[in-house]
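A.B. asks: Next comes data36.cif, mmCIF, C-alpha atoms:
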```cif
data_protein
#
loop_
_atom_site.label_atom_id
_atom_site.label_comp_id
_atom_site.auth_asym_id
_atom_site.auth_seq_id
_atom_site.Cartn_x
_atom_site.Cartn_y
_atom_site.Cartn_z
CA MET A 1 -1.16 -37.61 -18.14
CA ALA A 2 -3.11 -35.52 -20.63
CA VAL A 3 -2.00 -31.97 -21.33
CA VAL A 4 -4.61 -29.32 -20.57
CA ASP A 5 -4.51 -26.15 -22.70
CA PHE A 6 -3.96 -23.07 -20.51
CA GLU A 7 -6.01 -20.72 -22.66
CA GLU A 8 -8.89 -23.19 -22.75
CA VAL A 9 -8.85 -23.44 -18.95
CA VAL A 10 -8.85 -19.66 -18.56
CA GLU A 11 -11.66 -19.23 -21.09
CA ARG A 12 -13.76 -21.93 -19.46
CA PHE A 13 -13.24 -21.11 -15.78
CA TYR A 14 -12.42 -17.40 -15.51
CA ALA A 15 -16.02 -16.19 -15.04
CA PRO A 16 -17.05 -18.86 -12.48
CA LEU A 17 -13.79 -18.37 -10.54
CA TYR A 18 -14.25 -14.60 -10.54
CA ARG A 19 -17.82 -14.94 -9.25
CA PHE A 20 -16.60 -17.29 -6.51
CA ALA A 21 -13.81 -14.86 -5.58
CA LEU A 22 -16.30 -11.98 -5.55
CA SER A 23 -18.58 -13.92 -3.21
CA LEU A 24 -15.65 -14.49 -0.86
CA ALA A 25 -13.92 -11.11 -1.01
CA ARG A 26 -16.92 -8.85 -1.66
CA ASP A 27 -14.60 -6.52 -3.55
CA MET A 28 -14.19 -6.42 -7.33
CA HIS A 29 -10.48 -5.58 -7.26
CA GLU A 30 -9.61 -8.23 -4.71
CA ALA A 31 -11.72 -10.78 -6.61
CA GLY A 32 -9.81 -9.96 -9.79
CA ASP A 33 -6.49 -10.30 -7.96
CA LEU A 34 -7.51 -13.65 -6.47
CA THR A 35 -8.62 -14.94 -9.85
CA GLN A 36 -5.40 -13.82 -11.51
CA GLN A 37 -3.30 -15.33 -8.74
CA THR A 38 -5.14 -18.61 -9.16
CA PHE A 39 -4.26 -18.68 -12.86
CA VAL A 40 -0.66 -17.76 -12.09
CA ILE A 41 -0.47 -20.76 -9.79
CA TRP A 42 -2.15 -22.88 -12.47
CA ALA A 43 0.46 -21.73 -15.00
CA GLU A 44 3.24 -22.70 -12.59
CA LYS A 45 1.86 -25.94 -11.18
CA GLY A 46 -1.04 -27.05 -13.37
CA HIS A 47 1.16 -29.51 -15.24
CA GLN A 48 1.37 -31.55 -12.03
CA LEU A 49 -2.35 -32.32 -12.09
CA ARG A 50 -2.67 -35.99 -13.06
CA ASP A 51 -6.39 -36.12 -13.74
CA PRO A 52 -7.60 -33.42 -16.18
CA SER A 53 -11.17 -33.95 -14.98
CA LYS A 54 -10.16 -32.38 -11.65
CA VAL A 55 -9.12 -29.02 -13.11
CA LYS A 56 -12.24 -27.25 -11.87
CA SER A 57 -11.96 -28.46 -8.29
CA TRP A 58 -8.20 -27.74 -8.30
CA LEU A 59 -8.78 -24.16 -9.43
CA PHE A 60 -11.57 -23.48 -6.93
CA SER A 61 -9.68 -24.97 -4.00
CA THR A 62 -6.56 -23.03 -5.00
CA LEU A 63 -8.54 -19.78 -5.13
CA HIS A 64 -10.05 -20.55 -1.73
CA ARG A 65 -6.61 -21.23 -0.21
CA GLU A 66 -5.31 -17.96 -1.67
CA PHE A 67 -8.27 -16.10 -0.17
CA LEU A 68 -7.68 -17.65 3.25
CA GLY A 69 -3.96 -16.88 3.05
CA ALA A 70 -4.68 -13.26 2.17
CA ARG A 71 -7.08 -12.96 5.11
CA ARG A 72 -4.50 -14.47 7.46
CA ARG A 73 -1.84 -12.00 6.25
CA GLU A 74 -4.31 -9.13 6.54
CA THR A 75 -5.11 -10.13 10.13
CA ARG A 76 -1.46 -10.53 11.10
CA PHE A 77 -0.21 -7.45 9.26
CA PRO A 78 -3.06 -4.97 8.96
CA GLU A 79 -2.54 -1.99 6.67
CA ARG A 80 -2.99 1.35 8.35
CA ASP A 81 -2.72 4.90 7.19
CA LEU A 82 0.48 6.27 8.71
CA ASP A 83 -0.80 9.82 9.15
CA ALA A 84 -4.04 8.65 10.81
CA SER A 85 -2.10 6.32 13.12
CA ALA A 86 0.23 9.14 14.13
CA GLU A 87 -2.67 11.49 14.84
CA ALA A 88 -4.44 8.83 16.88
CA GLY A 89 -1.32 8.29 18.99
CA GLU A 90 -0.98 4.66 17.89
CA LEU A 91 2.68 4.96 16.96
CA PRO A 92 5.34 4.60 19.65
CA VAL A 93 7.38 7.63 20.57
CA ILE A 94 11.04 6.88 20.09
CA ALA A 95 13.59 9.10 21.77
CA PRO A 96 16.49 10.20 19.58
CA SER A 97 19.31 7.75 19.87
CA GLY A 98 22.89 8.71 20.43
CA GLU A 99 23.89 5.77 18.26
CA ALA A 100 22.99 7.78 15.19
CA SER A 101 25.67 10.32 16.08
CA LEU A 102 28.49 7.77 16.13
CA ASP A 103 30.83 7.87 13.18
CA GLY A 104 31.97 4.86 11.18
CA ALA A 105 35.49 4.86 12.58
CA THR A 106 34.19 4.65 16.15
CA VAL A 107 31.93 1.73 15.29
CA LEU A 108 34.71 -0.10 13.43
CA SER A 109 37.03 0.44 16.39
CA ALA A 110 34.41 -1.02 18.73
CA LEU A 111 33.87 -3.92 16.30
CA ARG A 112 37.59 -4.74 16.49
CA GLY A 113 37.24 -4.95 20.26
CA ILE A 114 34.61 -7.69 20.38
CA ASP A 115 35.35 -11.40 20.35
CA GLU A 116 36.35 -12.83 16.95
CA VAL A 117 33.57 -15.42 17.08
CA PHE A 118 31.05 -12.55 16.87
CA ARG A 119 33.14 -10.12 14.83
CA ALA A 120 33.39 -12.29 11.71
CA PRO A 121 29.64 -12.85 11.21
CA LEU A 122 28.91 -9.17 11.97
CA ALA A 123 31.51 -7.95 9.50
CA LEU A 124 30.34 -10.33 6.79
CA PHE A 125 26.69 -9.37 7.31
CA TYR A 126 26.93 -5.59 7.78
CA LEU A 127 30.13 -4.66 5.98
CA GLN A 128 30.20 -7.22 3.16
CA ASP A 129 26.40 -7.63 2.68
CA HIS A 130 26.48 -11.43 2.81
CA SER A 131 23.29 -13.38 3.49
CA TYR A 132 23.01 -15.69 6.49
CA LYS A 133 23.36 -18.65 4.13
CA GLU A 134 26.53 -17.25 2.57
CA ILE A 135 28.01 -16.52 6.00
CA ALA A 136 27.23 -20.08 7.10
CA GLU A 137 29.07 -21.40 4.04
CA VAL A 138 32.07 -19.09 4.50
CA LEU A 139 32.45 -19.85 8.22
CA GLU A 140 31.36 -23.49 7.83
CA ILE A 141 28.82 -23.26 10.64
CA PRO A 142 25.04 -23.86 10.72
CA ILE A 143 22.78 -20.97 9.72
CA GLY A 144 21.19 -20.94 13.20
CA THR A 145 24.63 -20.38 14.70
CA VAL A 146 25.18 -17.49 12.29
CA MET A 147 21.94 -15.86 13.40
CA SER A 148 22.79 -16.39 17.06
CA ARG A 149 26.31 -14.99 16.69
CA ILE A 150 25.06 -11.93 14.84
CA ALA A 151 22.48 -11.27 17.55
CA ARG A 152 25.01 -11.72 20.34
CA GLY A 153 27.62 -9.71 18.43
CA LYS A 154 25.18 -6.83 17.99
CA GLU A 155 24.50 -6.85 21.72
CA ALA A 156 28.24 -6.89 22.51
CA LEU A 157 28.78 -4.04 20.08
CA ARG A 158 25.86 -2.10 21.55
CA THR A 159 27.33 -2.55 25.05
CA ARG A 160 30.73 -1.24 23.89
CA LEU A 161 29.15 1.73 22.11
CA ALA A 162 26.60 2.67 24.79
CA PRO A 163 28.94 4.92 26.81
CA LEU A 164 30.00 6.72 23.62
CA ALA A 165 26.46 7.10 22.31
CA GLU A 166 24.89 8.68 25.39
CA PRO A 167 23.51 12.10 24.50
CA GLU A 168 25.34 14.97 26.09
CA ALA A 169 23.62 16.47 29.12
CA ARG A 170 21.72 19.59 28.14
CA PRO A 171 21.58 22.68 30.39
#
```
When written as structure tokens, how does the structure in this file appear?

C.D. replies:
Amino acid sequence: MAVVDFEEVVERFYAPLYRFALSLARDMHEAGDLTQQTFVIWAEKGHQLRDPSKVKSWLFSTLHREFLGARRRETRFPERDLDASAEAGELPVIAPSGEASLDGATVLSALRGIDEVFRAPLALFYLQDHSYKEIAEVLEIPIGTVMSRIARGKEALRTRLAPLAEPEARP
């Protein structure tokens, strides 16, 4: 496998890649970002390319995949101006929750009252800041079980706290 010089690749292909990105994105800034991201990926993975004669096609297909991925993310998670969304009534109205008024001691007391199988993962996640993976290792259970127990534990905790969290009746 021949080694391809990174600087030589950038010098040779930057302009054609940028033009290709510009034709796809139709925005100079996005085209620049796509081109840069392509070279970042080349810097990370370019050494895996076995045939140096395929550098050009590798770069162009990588740029195209990055463009498609960005479009997919943009479609799934569109960016919106928060103020404009609020004015247009696009944001949900959330009633104040009584849960916010509960103090730590009350929550810890309720936590002590739920089943141990749920209490341990909840305590490790929320009180000790462990990741799901770390909790799975500590408790010697699969990560899916950790996620399930945390979800069920949160529901059990919510059920125990609901009567205490109800807002007082207002005159």

A.B. asks: Rank nothing, just name the residue among A:Glu137, A:Asp129, A:Asp103, A:Asp115 nearest to Ala156 of chain A, using all atoms listed in the file.

C.D. replies: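 Among the listed residues, A:Asp115 lies closest to Ala156 of chain A.
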
A.B. asks: Translate the PyMOL selection byres ((chain A and resi 41-45) around 12), as applied to the file shown, into an explicit residue set as a PyMOL selection string.

C.D. replies: chain A and resi 4-7+9-10+13+34-40+46-50+55-56+58-63+65-66

A.B. asks: Can you list what the PyMOL selection byres ((chain A and resi 135) around 12) grabs from this structure, as a ChimeraX atom specification?

C.D. replies: /A:118,120-126,128-134,136-147,149-150

A.B. asks: Ranking A:Leu161, A:Ala151, A:Ala15, A:Leu24 by minimum distance to Leu108 of chain A and counting only C-alpha atoms, which one comes first?

C.D. replies: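 Ranking A:Leu161, A:Ala151, A:Ala15, A:Leu24 by distance to Leu108 of chain A, first place goes to A:Leu161.
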
A.B. asks: Do you have the atom CA of Ser53 of chain A-atom CA of Phe20 of chain A distance handy?

C.D. replies: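 Answer for the atom CA of Ser53 of chain A to atom CA of Phe20 of chain A separation: 19.5 Å.
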
A.B. asks: To one decimal place in Å, what is the distance between atom CA of Arg112 of chain A and atom CA of Ser148 of chain A?

C.D. replies: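 Separation of atom CA of Arg112 of chain A and atom CA of Ser148 of chain A: 18.8 Å.
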
A.B. asks: Excluding Arg119 of chain A and any residue of its chain fewer than 5 positions from it, enumerate the residues within 7 Å of it, using all atoms listed in the file, and give them as a list in words.

C.D. replies: Leu111, Ile114 and Gly153 of chain A

A.B. asks: Based on the selection just made, write C-alpha atoms of those residues as a compact mmCIF listing (two decimals), in the coordinates of the input.

C.D. replies:
```txt
# COMPACT_ATOMS: atom_id res chain seq x y z
CA LEU A 111 33.87 -3.92 16.30
CA ILE A 114 34.61 -7.69 20.38
CA GLY A 153 27.62 -9.71 18.43
```

A.B. asks: Report the centre and edge lengths, in Å to one decimal, of an axis-aligned box enclosing every atom of segment 139-158 of chain A listed in the file, padded by 4 Å on each side, as JSON.

C.D. replies:
```
{"center_x": 26.8, "center_y": -13.0, "center_z": 15.2, "size_x": 19.3, "size_y": 29.8, "size_z": 22.7}
```

A.B. asks: State, in Å with one decimal place, the distance from atom CA of Arg73 of chain A to atom CA of Lys54 of chain A.

C.D. replies: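 Going from atom CA of Arg73 of chain A over to atom CA of Lys54 of chain A covers 28.4 Å.
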